[in-house]
>>> print(open('model_18.txt').read())   # compact mmCIF, C-alpha atoms and all ligand atoms
# COMPACT_ATOMS: atom_id res chain seq x y z
CA MET A 680 -5.35 -11.25 -7.64
CA ALA A 681 -1.83 -9.88 -7.76
CA ILE A 682 -0.54 -7.68 -4.97
CA THR A 683 -0.45 -4.01 -5.92
CA LEU A 684 2.23 -1.75 -4.53
CA GLN A 685 1.13 0.99 -2.23
CA ASP A 686 1.43 4.61 -3.36
CA PRO A 687 3.33 6.78 -0.86
CA LEU A 688 1.24 8.55 1.77
CA PRO A 689 0.76 12.32 1.48
CA ASP A 690 3.90 14.18 2.66
CA HIS A 691 2.33 15.70 5.77
CA PHE A 692 2.19 12.28 7.45
CA ALA A 693 5.94 12.45 7.95
CA ASP A 694 5.42 15.36 10.37
CA ILE A 695 2.81 13.68 12.58
CA SER A 696 4.18 12.40 15.90
CA PRO A 697 3.15 8.98 17.25
CA GLU A 698 1.08 10.72 19.97
CA GLU A 699 -0.71 12.90 17.44
CA THR A 700 -1.31 9.85 15.22
CA ASP A 701 -2.98 8.10 18.16
CA ARG A 702 -5.08 11.15 18.96
CA LEU A 703 -6.24 11.45 15.35
CA ILE A 704 -7.01 7.74 15.03
CA ALA A 705 -9.09 7.94 18.24
CA LYS A 706 -10.94 10.97 16.85
CA CYS A 707 -11.72 9.21 13.56
CA ARG A 708 -12.88 6.12 15.41
CA GLU A 709 -15.25 8.17 17.52
CA GLU A 710 -16.69 9.99 14.51
CA LEU A 711 -17.08 6.79 12.50
CA GLY A 712 -18.69 4.78 15.32
CA ASP A 713 -20.39 1.57 14.13
CA ARG A 714 -19.76 2.39 10.48
CA VAL A 715 -16.32 0.82 10.84
CA VAL A 716 -14.99 -2.33 12.43
CA ILE A 717 -11.24 -2.85 12.75
CA LEU A 718 -9.95 -6.43 12.61
CA GLY A 719 -6.37 -7.21 13.70
CA HIS A 720 -4.39 -10.38 13.10
CA HIS A 721 -2.28 -11.52 16.06
CA TYR A 722 0.96 -10.72 14.17
CA GLN A 723 0.16 -7.01 13.94
CA ARG A 724 2.42 -4.66 15.86
CA ASP A 725 1.16 -3.32 19.22
CA GLU A 726 0.61 0.21 17.87
CA ILE A 727 -1.99 -1.32 15.53
CA ILE A 728 -3.46 -4.15 17.57
CA LYS A 729 -4.53 -1.73 20.31
CA TRP A 730 -7.06 -0.26 17.85
CA ALA A 731 -8.55 -3.60 16.81
CA ASP A 732 -12.19 -4.19 17.75
CA HIS A 733 -11.38 -7.88 17.34
CA ARG A 734 -8.10 -9.78 17.30
CA GLY A 735 -7.80 -13.28 15.96
CA ASP A 736 -6.20 -15.95 13.86
CA SER A 737 -7.19 -16.38 10.21
CA LEU A 738 -10.21 -18.57 10.98
CA LYS A 739 -11.58 -16.35 13.72
CA LEU A 740 -11.15 -13.21 11.64
CA SER A 741 -12.88 -14.83 8.62
CA GLN A 742 -15.79 -15.85 10.83
CA LEU A 743 -15.99 -12.39 12.41
CA ALA A 744 -15.97 -10.72 9.00
CA GLY A 745 -18.77 -13.01 7.81
CA ALA A 746 -20.83 -12.49 10.96
CA ASN A 747 -20.69 -8.68 10.89
CA THR A 748 -23.35 -7.50 8.47
CA LYS A 749 -23.68 -4.03 10.00
CA ALA A 750 -20.37 -2.22 9.56
CA GLU A 751 -20.09 -0.36 6.25
CA TYR A 752 -16.30 -0.71 6.33
CA ILE A 753 -14.13 -3.54 7.58
CA VAL A 754 -10.62 -2.20 8.03
CA PHE A 755 -8.45 -5.30 7.91
CA CYS A 756 -5.14 -4.97 9.71
CA GLY A 757 -3.55 -8.11 8.36
CA VAL A 758 -2.37 -9.19 4.92
CA HIS A 759 -3.87 -9.18 1.43
CA PHE A 760 -5.28 -12.72 1.34
CA MET A 761 -7.09 -12.08 4.65
CA ALA A 762 -8.73 -8.94 3.27
CA GLU A 763 -9.75 -10.83 0.12
CA THR A 764 -11.29 -13.57 2.26
CA ALA A 765 -13.18 -10.97 4.28
CA ASP A 766 -14.47 -9.36 1.09
CA ILE A 767 -15.73 -12.72 -0.19
CA LEU A 768 -17.52 -13.44 3.10
CA THR A 769 -19.10 -10.00 3.64
CA THR A 770 -22.16 -8.52 1.96
CA LYS A 771 -22.06 -6.53 -1.29
CA GLU A 772 -22.91 -3.37 0.65
CA GLN A 773 -19.80 -3.69 2.84
CA SER A 774 -16.28 -2.64 1.83
CA VAL A 775 -13.07 -4.24 3.07
CA ILE A 776 -10.06 -1.97 3.36
CA LEU A 777 -6.43 -3.07 3.59
CA PRO A 778 -4.61 -0.01 4.97
CA ASN A 779 -1.39 -0.75 3.06
CA LEU A 780 -1.67 -2.57 -0.28
CA SER A 781 1.91 -3.81 0.04
CA ALA A 782 0.95 -6.02 2.96
CA GLY A 783 1.03 -9.32 1.10
CA CYS A 784 2.14 -12.82 2.12
CA SER A 785 5.25 -14.33 0.57
CA MET A 786 3.81 -17.84 0.98
CA ALA A 787 0.59 -16.95 -0.86
CA ASP A 788 2.75 -15.53 -3.68
CA MET A 789 4.44 -18.93 -4.10
CA ALA A 790 1.42 -20.34 -5.95
CA SER A 791 0.09 -18.39 -8.92
CA ILE A 792 -3.13 -19.48 -10.59
CA ARG A 793 -1.26 -20.10 -13.85
CA GLN A 794 1.19 -22.46 -12.11
CA VAL A 795 -1.60 -24.24 -10.24
CA GLU A 796 -3.71 -24.79 -13.37
CA HIS A 797 -0.67 -26.08 -15.23
CA ALA A 798 0.22 -28.45 -12.38
CA TRP A 799 -3.37 -29.67 -12.18
CA SER A 800 -3.53 -30.55 -15.86
CA GLN A 801 -0.16 -32.38 -15.66
CA LEU A 802 -1.44 -34.27 -12.63
CA GLN A 803 -4.68 -35.25 -14.37
CA SER A 804 -2.66 -36.65 -17.26
CA VAL A 805 -0.94 -39.23 -15.04
CA VAL A 806 -3.63 -40.25 -12.52
CA ASP A 807 -7.07 -41.70 -13.15
CA CYS A 808 -8.55 -41.22 -9.67
CA ASN A 809 -10.32 -38.36 -7.91
CA VAL A 810 -7.85 -35.75 -6.58
CA VAL A 811 -9.33 -33.30 -4.07
CA PRO A 812 -7.70 -29.86 -3.98
CA VAL A 813 -7.30 -28.20 -0.58
CA THR A 814 -5.89 -24.73 -0.13
CA TYR A 815 -4.63 -23.05 2.99
CA VAL A 816 -6.37 -19.66 3.33
CA ASN A 817 -2.90 -18.15 2.84
CA SER A 818 -3.53 -18.15 -0.91
CA THR A 819 -4.94 -15.76 -3.48
CA ALA A 820 -8.67 -15.60 -4.18
CA ALA A 821 -7.90 -17.06 -7.63
CA ILE A 822 -6.48 -20.24 -6.03
CA LYS A 823 -9.44 -20.46 -3.66
CA ALA A 824 -11.75 -20.14 -6.68
CA PHE A 825 -9.85 -22.88 -8.51
CA VAL A 826 -10.28 -25.13 -5.46
CA GLY A 827 -13.98 -24.23 -5.19
CA ARG A 828 -14.55 -25.06 -8.89
CA ASN A 829 -12.82 -28.41 -8.44
CA ASN A 830 -14.94 -29.48 -5.44
CA GLY A 831 -12.24 -28.86 -2.86
CA ALA A 832 -12.10 -26.77 0.30
CA CYS A 833 -10.07 -24.12 2.07
CA CYS A 834 -8.53 -24.68 5.48
CA THR A 835 -6.74 -22.65 8.11
CA SER A 836 -4.15 -23.78 10.63
CA SER A 837 -7.04 -24.19 13.12
CA ASN A 838 -9.07 -26.65 11.06
CA ALA A 839 -6.59 -28.27 8.64
CA ALA A 840 -7.03 -31.74 10.24
CA ARG A 841 -10.80 -31.59 9.85
CA VAL A 842 -10.59 -30.41 6.24
CA ILE A 843 -7.92 -32.95 5.24
CA SER A 844 -9.93 -35.78 6.87
CA TRP A 845 -12.95 -34.59 4.86
CA ALA A 846 -10.85 -34.54 1.67
CA PHE A 847 -9.80 -38.17 2.23
CA GLU A 848 -13.49 -39.11 2.42
CA GLN A 849 -14.09 -37.43 -0.97
CA GLY A 850 -11.23 -38.91 -3.00
CA GLU A 851 -8.17 -41.12 -3.10
CA LYS A 852 -5.65 -38.26 -3.22
CA LEU A 853 -5.41 -34.66 -2.17
CA MET A 854 -3.34 -31.83 -3.50
CA PHE A 855 -2.50 -29.22 -0.88
CA PHE A 856 -1.62 -25.58 -1.71
CA PRO A 857 0.56 -23.61 -1.02
CA ASP A 858 2.20 -24.53 2.33
CA GLN A 859 3.97 -27.87 2.16
CA HIS A 860 4.58 -27.79 5.92
CA LEU A 861 1.00 -27.37 7.11
CA GLY A 862 -0.04 -30.04 4.59
CA ARG A 863 2.71 -32.43 5.66
CA ASN A 864 2.36 -31.89 9.42
CA THR A 865 -1.39 -32.35 9.33
CA SER A 866 -1.32 -35.40 7.05
CA VAL A 867 1.38 -37.10 9.17
CA ALA A 868 -0.73 -36.49 12.29
CA LEU A 869 -3.58 -38.22 10.42
CA GLY A 870 -1.38 -41.26 9.76
CA VAL A 871 -0.07 -40.62 6.23
CA ASP A 872 3.50 -41.86 5.69
CA PRO A 873 5.67 -38.86 4.66
CA ASP A 874 8.20 -41.02 2.79
CA ARG A 875 5.95 -43.38 0.86
CA GLU A 876 2.62 -41.61 0.58
CA MET A 877 3.57 -37.95 0.02
CA VAL A 878 5.32 -36.09 -2.75
CA THR A 879 6.28 -32.44 -2.99
CA TRP A 880 5.33 -30.63 -6.20
CA ASP A 881 7.90 -28.13 -7.40
CA PRO A 882 6.08 -25.91 -9.93
CA ALA A 883 9.34 -25.19 -11.74
CA LEU A 884 9.79 -28.84 -12.78
CA PRO A 885 7.86 -31.20 -15.09
CA LEU A 886 5.44 -33.29 -12.99
CA GLY A 887 6.58 -31.21 -10.05
CA GLY A 888 9.91 -33.05 -10.09
CA ASN A 889 8.29 -36.45 -9.44
CA SER A 890 8.10 -39.72 -11.31
CA THR A 891 4.71 -40.87 -12.58
CA GLU A 892 4.98 -43.87 -10.28
CA ALA A 893 5.64 -41.72 -7.17
CA ILE A 894 2.61 -39.55 -7.99
CA ARG A 895 0.39 -42.59 -8.51
CA GLN A 896 1.52 -44.01 -5.17
CA ALA A 897 1.09 -40.75 -3.24
CA LYS A 898 -1.98 -39.98 -1.16
CA VAL A 899 -0.90 -36.38 -0.60
CA ILE A 900 0.69 -34.02 -3.12
CA LEU A 901 2.19 -30.99 -1.40
CA TRP A 902 2.79 -27.73 -3.24
CA LYS A 903 6.35 -26.57 -2.65
CA GLY A 904 5.56 -23.37 -0.75
CA HIS A 905 6.59 -22.23 2.70
CA CYS A 906 6.53 -19.31 5.11
CA SER A 907 9.86 -17.54 5.33
CA VAL A 908 9.16 -16.50 8.94
CA HIS A 909 8.44 -20.03 10.18
CA ALA A 910 11.24 -21.57 8.07
CA ARG A 911 13.65 -19.94 10.50
CA PHE A 912 12.79 -22.29 13.35
CA THR A 913 15.05 -25.32 13.76
CA THR A 914 15.40 -28.42 15.94
CA GLU A 915 18.76 -27.02 17.11
CA GLN A 916 16.94 -24.02 18.61
CA ILE A 917 14.57 -26.38 20.40
CA ALA A 918 17.50 -28.46 21.74
CA GLU A 919 19.16 -25.25 22.92
CA ALA A 920 15.95 -24.08 24.64
CA ARG A 921 15.59 -27.43 26.43
CA ALA A 922 19.24 -27.34 27.54
CA THR A 923 19.07 -23.75 28.79
CA HIS A 924 15.59 -23.86 30.34
CA PRO A 925 14.96 -27.28 31.95
CA GLY A 926 11.22 -28.00 31.97
CA VAL A 927 10.52 -25.55 29.11
CA LYS A 928 7.43 -26.24 27.02
CA VAL A 929 7.95 -25.72 23.33
CA ILE A 930 5.02 -24.64 21.16
CA VAL A 931 5.24 -23.87 17.45
CA HIS A 932 3.04 -22.90 14.52
CA PRO A 933 2.32 -25.73 12.02
CA GLU A 934 3.93 -23.69 9.24
CA CYS A 935 7.21 -24.92 10.79
CA SER A 936 8.85 -28.00 9.26
CA LEU A 937 7.89 -31.54 10.31
CA ASP A 938 11.08 -32.12 12.33
CA VAL A 939 10.46 -28.88 14.29
CA VAL A 940 6.82 -29.77 14.93
CA LYS A 941 7.84 -33.27 16.05
CA ALA A 942 10.49 -31.86 18.41
CA ALA A 943 7.98 -29.42 19.97
CA ASP A 944 5.53 -30.27 22.75
CA ALA A 945 2.60 -28.78 20.88
CA SER A 946 1.75 -27.05 17.62
CA GLY A 947 -1.22 -25.02 16.45
CA SER A 948 -2.59 -21.78 15.10
CA THR A 949 -1.85 -18.40 16.64
CA GLU A 950 -5.12 -18.61 18.58
CA PHE A 951 -4.16 -22.10 19.83
CA ILE A 952 -0.74 -20.83 20.95
CA ILE A 953 -2.35 -17.96 22.86
CA GLN A 954 -4.89 -20.29 24.53
CA ALA A 955 -2.27 -22.87 25.49
CA ILE A 956 0.08 -20.32 27.06
CA SER A 957 -2.68 -18.27 28.74
CA SER A 958 -4.19 -21.35 30.36
CA SER A 959 -0.86 -22.72 31.64
CA GLU A 960 0.20 -22.53 35.28
CA PRO A 961 1.92 -19.31 36.35
CA GLY A 962 5.66 -19.94 36.41
CA THR A 963 5.62 -22.09 33.24
CA THR A 964 8.43 -21.43 30.78
CA TRP A 965 7.51 -21.36 27.07
CA GLY A 966 9.76 -21.41 24.01
CA VAL A 967 7.59 -20.24 21.13
CA GLY A 968 8.08 -20.78 17.40
CA THR A 969 6.06 -18.08 15.73
CA GLU A 970 6.13 -14.41 14.74
CA ILE A 971 7.86 -12.07 17.15
CA ASN A 972 5.09 -9.46 17.61
CA LEU A 973 2.82 -12.15 19.02
CA VAL A 974 5.56 -13.69 21.19
CA ASN A 975 6.56 -10.32 22.66
CA ARG A 976 2.93 -9.39 23.33
CA LEU A 977 2.31 -12.67 25.16
CA ALA A 978 5.46 -12.12 27.24
CA ARG A 979 4.25 -8.64 28.21
CA GLU A 980 0.63 -9.62 28.90
CA LEU A 981 1.55 -12.73 30.91
CA PRO A 982 4.50 -11.57 33.06
CA ASP A 983 4.10 -14.50 35.47
CA ARG A 984 5.14 -16.95 32.73
CA LYS A 985 8.56 -16.91 31.09
CA ILE A 986 7.91 -16.62 27.35
CA PHE A 987 10.61 -16.34 24.71
CA CYS A 988 10.99 -16.75 20.96
CA LEU A 989 12.95 -19.87 19.91
CA ASP A 990 14.75 -17.85 17.25
CA PRO A 991 17.31 -15.57 18.91
CA VAL A 992 17.34 -13.41 15.78
CA VAL A 993 14.07 -11.49 15.69
CA CYS A 994 11.77 -12.80 12.95
CA PRO A 995 8.93 -10.38 12.20
CA CYS A 996 6.57 -10.97 9.31
CA SER A 997 7.78 -8.02 7.24
CA THR A 998 4.54 -7.78 5.26
CA MET A 999 2.29 -7.74 8.35
CA TYR A 1000 4.59 -5.02 9.67
CA ARG A 1001 3.72 -2.78 6.72
CA ILE A 1002 0.46 -1.84 8.41
CA HIS A 1003 1.84 1.23 10.19
CA PRO A 1004 -0.41 3.53 12.27
CA TYR A 1005 -0.05 6.20 9.56
CA TYR A 1006 -1.79 3.87 7.09
CA LEU A 1007 -4.55 3.13 9.56
CA LEU A 1008 -5.07 6.85 10.15
CA TRP A 1009 -5.01 7.59 6.41
CA SER A 1010 -7.60 4.85 5.75
CA LEU A 1011 -9.94 6.12 8.47
CA GLN A 1012 -9.59 9.75 7.38
CA ASN A 1013 -10.38 8.80 3.78
CA ILE A 1014 -13.54 7.00 4.87
CA LEU A 1015 -14.60 10.07 6.84
CA MET A 1016 -13.99 12.28 3.83
CA GLY A 1017 -16.22 10.02 1.72
CA ALA A 1018 -13.29 8.89 -0.45
CA PRO A 1019 -12.28 5.46 0.90
CA THR A 1020 -9.02 4.05 -0.45
CA ASN A 1021 -7.51 0.56 -0.74
CA ILE A 1022 -10.82 -1.24 -1.09
CA ILE A 1023 -10.16 -4.92 -1.72
CA MET A 1024 -12.75 -6.23 -4.11
CA VAL A 1025 -12.70 -9.77 -5.48
CA GLN A 1026 -14.46 -9.85 -8.85
CA GLU A 1027 -17.00 -12.40 -10.05
CA PRO A 1028 -16.91 -15.26 -10.85
CA THR A 1029 -13.76 -15.61 -8.70
CA ALA A 1030 -15.62 -14.46 -5.58
CA SER A 1031 -18.47 -16.99 -5.90
CA ASP A 1032 -16.14 -19.88 -6.73
CA ALA A 1033 -13.81 -19.00 -3.84
CA ARG A 1034 -16.82 -18.71 -1.56
CA ARG A 1035 -17.71 -22.33 -2.33
CA ALA A 1036 -14.30 -23.42 -1.02
CA LEU A 1037 -14.62 -21.18 2.04
CA ASP A 1038 -18.20 -22.27 2.77
CA ARG A 1039 -17.16 -25.91 2.59
CA MET A 1040 -14.50 -25.17 5.21
CA LEU A 1041 -16.84 -23.19 7.45
CA SER A 1042 -19.50 -25.92 7.31
CA LEU A 1043 -17.13 -28.67 8.46
P1 LIG A 1101 -3.10 -18.26 11.90
O1 LIG A 1101 -4.32 -18.64 11.15
O2 LIG A 1101 -2.62 -19.33 12.81
O3 LIG A 1101 -3.27 -16.96 12.60
O4 LIG A 1101 -1.90 -18.12 10.86
C1 LIG A 1101 -1.88 -17.15 9.88
C2 LIG A 1101 -0.53 -16.96 9.37
O5 LIG A 1101 -0.32 -16.29 8.39
C3 LIG A 1101 0.55 -17.61 10.06
O6 LIG A 1101 1.73 -17.35 9.42
FE1 LIG A 1102 2.50 -15.13 5.21
FE2 LIG A 1102 4.37 -16.19 6.83
FE3 LIG A 1102 3.61 -13.65 7.15
FE4 LIG A 1102 1.94 -15.64 7.79
S1 LIG A 1102 3.89 -15.14 8.78
S2 LIG A 1102 1.41 -13.78 6.65
S3 LIG A 1102 2.46 -17.13 6.18
S4 LIG A 1102 4.67 -14.53 5.35
>>> encode(input="model_18.txt", output="structure tokens", more="lines below")
Ligand code: 13P
Ligand code: SF4
Amino acid sequence: MAITLQDPLPDHFADISPEETDRLIAKCREELGDRVVILGHHYQRDEIIKWADHRGDSLKLSQLAGANTKAEYIVFCGVHFMAETADILTTKEQSVILPNLSAGCSMADMASIRQVEHAWSQLQSVVDCNVVPVTYVNSTAAIKAFVGRNNGACCTSSNAARVISWAFEQGEKLMFFPDQHLGRNTSVALGVDPDREMVTWDPALPLGGNSTEAIRQAKVILWKGHCSVHARFTTEQIAEARATHPGVKVIVHPECSLDVVKAADASGSTEFIIQAISSSEPGTTWGVGTEINLVNRLARELPDRKIFCLDPVVCPCSTMYRIHPYYLLWSLQNILMGAPTNIIMVQEPTASDARRALDRMLSL
């Protein structure tokens, strides 16, 4: 499903102060009670995350959405693919709302269903073995549905190793969409040789820019997608952090490149990063390679640890940042008025096919 641009908010929002916005959001929340649950991804700004009934990484938020069968409305403060996933996992009676329709994910946009189907048919023309498709949840519902139809599974950064191990039990090769880095980092950790057993598939080139022989030899075919936020982290930043802060522990998200992940002390999902830092000894110094809203929040909430972002130039996820308190207020007010807006609805048969890929992931 393509990302739709958000219409401007009604003019009067420009005159509402931050304090008044908070007061009005609180009032709406009180009036709506259990009819609404607000989910917030860890990369949301503080002015939004403070309203979240639940915070989490992609996996936790998917599970929470699926487990909540009571709330009429799930207001998803995150990005488009997360709201789509929540819609697929919730009941028909529930509606998922994305407060700002422009909150997409540039990585998810790097794999369109047309490109993926074209790549798949080219691939099938040169291999005669079973290829298992695996998609990171940071993908459109159409890609998830494609993967579900072709007996593959979704994964998140929390369970990629489990899903990729499962895929290797199902077939000789796997094709991983759309984040080459999560696919590469996870496969290398599972013992796949990045030079001899992996190829990167560039959708702009015939056979993804690979020779038939290289594809036949590969165990893992990585879609050439990436996250522009995590692409900013480098081994030079890690070297600088180690030189400036002796004893620093470096932790990064697996959307970073393989050399960055290898140079770090640990890598994992946003939830993993939070757990690792929260459970460390007071006084520990952490250099963190992930989105700045999360890093700054950890630094504020854990003042007895020294926590800093590896990238000296602030690197927010600009699409996550589009969920401004005005949009949250507008969404809640519209629900109260009986005219909910920005409902994310994945149509059939896409929803059922995508659900197969998600269910496979959740059952592993
Ligand atoms: P997590 O599942 O680790 O929260 O990651 C989501 C994401 O978009 C990271 O860029
Ligand atoms: Fe997408 Fe990267 Fe933003 Fe995550 S941080 S939502 S992968 S653009």
>>> atom_distance(input="model_18.txt", atom1="CA of Arg714 in chain A", atom2="CA of Asn779 in chain A")
20.1 Å
>>> atom_distance(input="model_18.txt", atom1="CA of Gln801 in chain A", atom2="CA of Lys898 in chain A")
16.5 Å
>>> closest_residue(input="model_18.txt", among="A:Ile930, A:Leu703, A:Arg863, A:Leu1041", to="Ala746 in chain A", atoms="only C-alpha atoms")
A:Leu1041
>>> residues_around(input="model_18.txt", residues="Pro1019 in chain A", least_positions_apart="4", cutoff="10 Å", atoms="all atoms listed in the file", output="VMD selection string")
chain A and resid 752 774 to 776 1009 to 1015
>>> write_last_selection(input="model_18.txt", atoms="C-alpha atoms", output="mmCIF file, in the coordinates of the input")
data_model
loop_
_atom_site.group_PDB
_atom_site.id
_atom_site.type_symbol
_atom_site.label_atom_id
_atom_site.label_comp_id
_atom_site.auth_asym_id
_atom_site.auth_seq_id
_atom_site.Cartn_x
_atom_site.Cartn_y
_atom_site.Cartn_z
ATOM 1 C CA TYR A 752 -16.300 -0.710 6.330
ATOM 2 C CA SER A 774 -16.280 -2.640 1.830
ATOM 3 C CA VAL A 775 -13.070 -4.240 3.070
ATOM 4 C CA ILE A 776 -10.060 -1.970 3.360
ATOM 5 C CA TRP A 1009 -5.010 7.590 6.410
ATOM 6 C CA SER A 1010 -7.600 4.850 5.750
ATOM 7 C CA LEU A 1011 -9.940 6.120 8.470
ATOM 8 C CA GLN A 1012 -9.590 9.750 7.380
ATOM 9 C CA ASN A 1013 -10.380 8.800 3.780
ATOM 10 C CA ILE A 1014 -13.540 7.000 4.870
ATOM 11 C CA LEU A 1015 -14.600 10.070 6.840
#
>>> closest_atom_pairs(input="model_18.txt", of="chain A", to="ligand LIG 1102 (chain A)", cutoff="9 Å", atoms="all atoms listed in the file", output="CSV")
residue,atom,partner,partner_atom,distance
A:Tyr722,CA,A:LIG1102,S1,7.6
A:Gly757,CA,A:LIG1102,S2,7.7
A:Val758,CA,A:LIG1102,S2,6.2
A:His759,CA,A:LIG1102,S2,8.7
A:Phe760,CA,A:LIG1102,S2,8.6
A:Met761,CA,A:LIG1102,S2,8.9
A:Ala782,CA,A:LIG1102,S2,8.6
A:Gly783,CA,A:LIG1102,S2,7.1
A:Cys784,CA,A:LIG1102,FE1,3.9
A:Ser785,CA,A:LIG1102,S4,4.8
A:Met786,CA,A:LIG1102,FE1,5.2
A:Ala787,CA,A:LIG1102,FE1,6.6
A:Asp788,CA,A:LIG1102,FE1,8.9
A:Asn817,CA,A:LIG1102,S3,6.4
A:Asp858,CA,A:LIG1102,S3,8.3
A:His905,CA,A:LIG1102,S3,7.4
A:Cys906,CA,A:LIG1102,FE2,4.2
A:Ser907,CA,A:LIG1102,FE2,5.8
A:Val908,CA,A:LIG1102,FE2,5.2
A:His909,CA,A:LIG1102,FE2,6.5
A:Ala910,CA,A:LIG1102,FE2,8.8
A:Glu934,CA,A:LIG1102,S3,7.4
A:Thr969,CA,A:LIG1102,S1,7.9
A:Glu970,CA,A:LIG1102,S1,6.4
A:Pro995,CA,A:LIG1102,S1,7.7
A:Cys996,CA,A:LIG1102,FE3,4.5
A:Ser997,CA,A:LIG1102,FE3,7.0
A:Thr998,CA,A:LIG1102,FE3,6.2
A:Met999,CA,A:LIG1102,FE3,6.2
>>> residues_near_ligand(input="model_18.txt", ligand="ligand LIG 1101 (chain A)", cutoff="7 Å", atoms="all atoms listed in the file", output="VMD selection string")
chain A and resid 720 to 721 735 to 738 817 835 to 837 906 932 934 947 to 950
>>> closest_residue(input="model_18.txt", among="A:Val899, A:Val878, A:Ile986, A:Leu684", to="Phe847 in chain A", atoms="only C-alpha atoms")
A:Val899
>>> closest_residue(input="model_18.txt", among="A:Tyr815, A:Trp880, A:Phe692, A:Trp799", to="Leu1007 in chain A", atoms="only C-alpha atoms")
A:Phe692
>>> closest_residue(input="model_18.txt", among="A:Met1024, A:Ala883, A:Ala945, A:Leu802", to="Glu772 in chain A", atoms="all atoms listed in the file")
A:Met1024
>>> closest_atom_pairs(input="model_18.txt", of="range 763-838 of chain A", to="range 1026-1037 of chain A", cutoff="7 Å", atoms="only C-alpha atoms", output="tab-separated table")
residue	atom	partner	partner_atom	distance
A:Ile767	CA	A:Ala1030	CA	5.7
A:Ala820	CA	A:Ala1033	CA	6.2
A:Ala821	CA	A:Thr1029	CA	6.1
A:Lys823	CA	A:Ala1033	CA	4.6
A:Ala824	CA	A:Ala1033	CA	3.7
A:Val826	CA	A:Ala1036	CA	6.2
A:Gly827	CA	A:Ala1036	CA	4.3
A:Arg828	CA	A:Asp1032	CA	5.8
A:Gly831	CA	A:Ala1036	CA	6.1
A:Ala832	CA	A:Ala1036	CA	4.2
A:Cys833	CA	A:Ala1036	CA	5.3
>>> atom_distance(input="model_18.txt", atom1="CA of Thr913 in chain A", atom2="CA of Ile953 in chain A")
21.0 Å
>>> closest_residue(input="model_18.txt", among="A:Gln916, A:Ser959, A:Asn864, A:Asn838", to="Ser1042 in chain A", atoms="all atoms listed in the file")
A:Asn838
>>> residues_near_point(input="model_18.txt", point="(-10.7, -7.4, 13.5)", cutoff="12 Å", atoms="all atoms listed in the file", output="ChimeraX atom specification")
/A:715-721,723,727-747,750,752-757,761-762,765,775-777
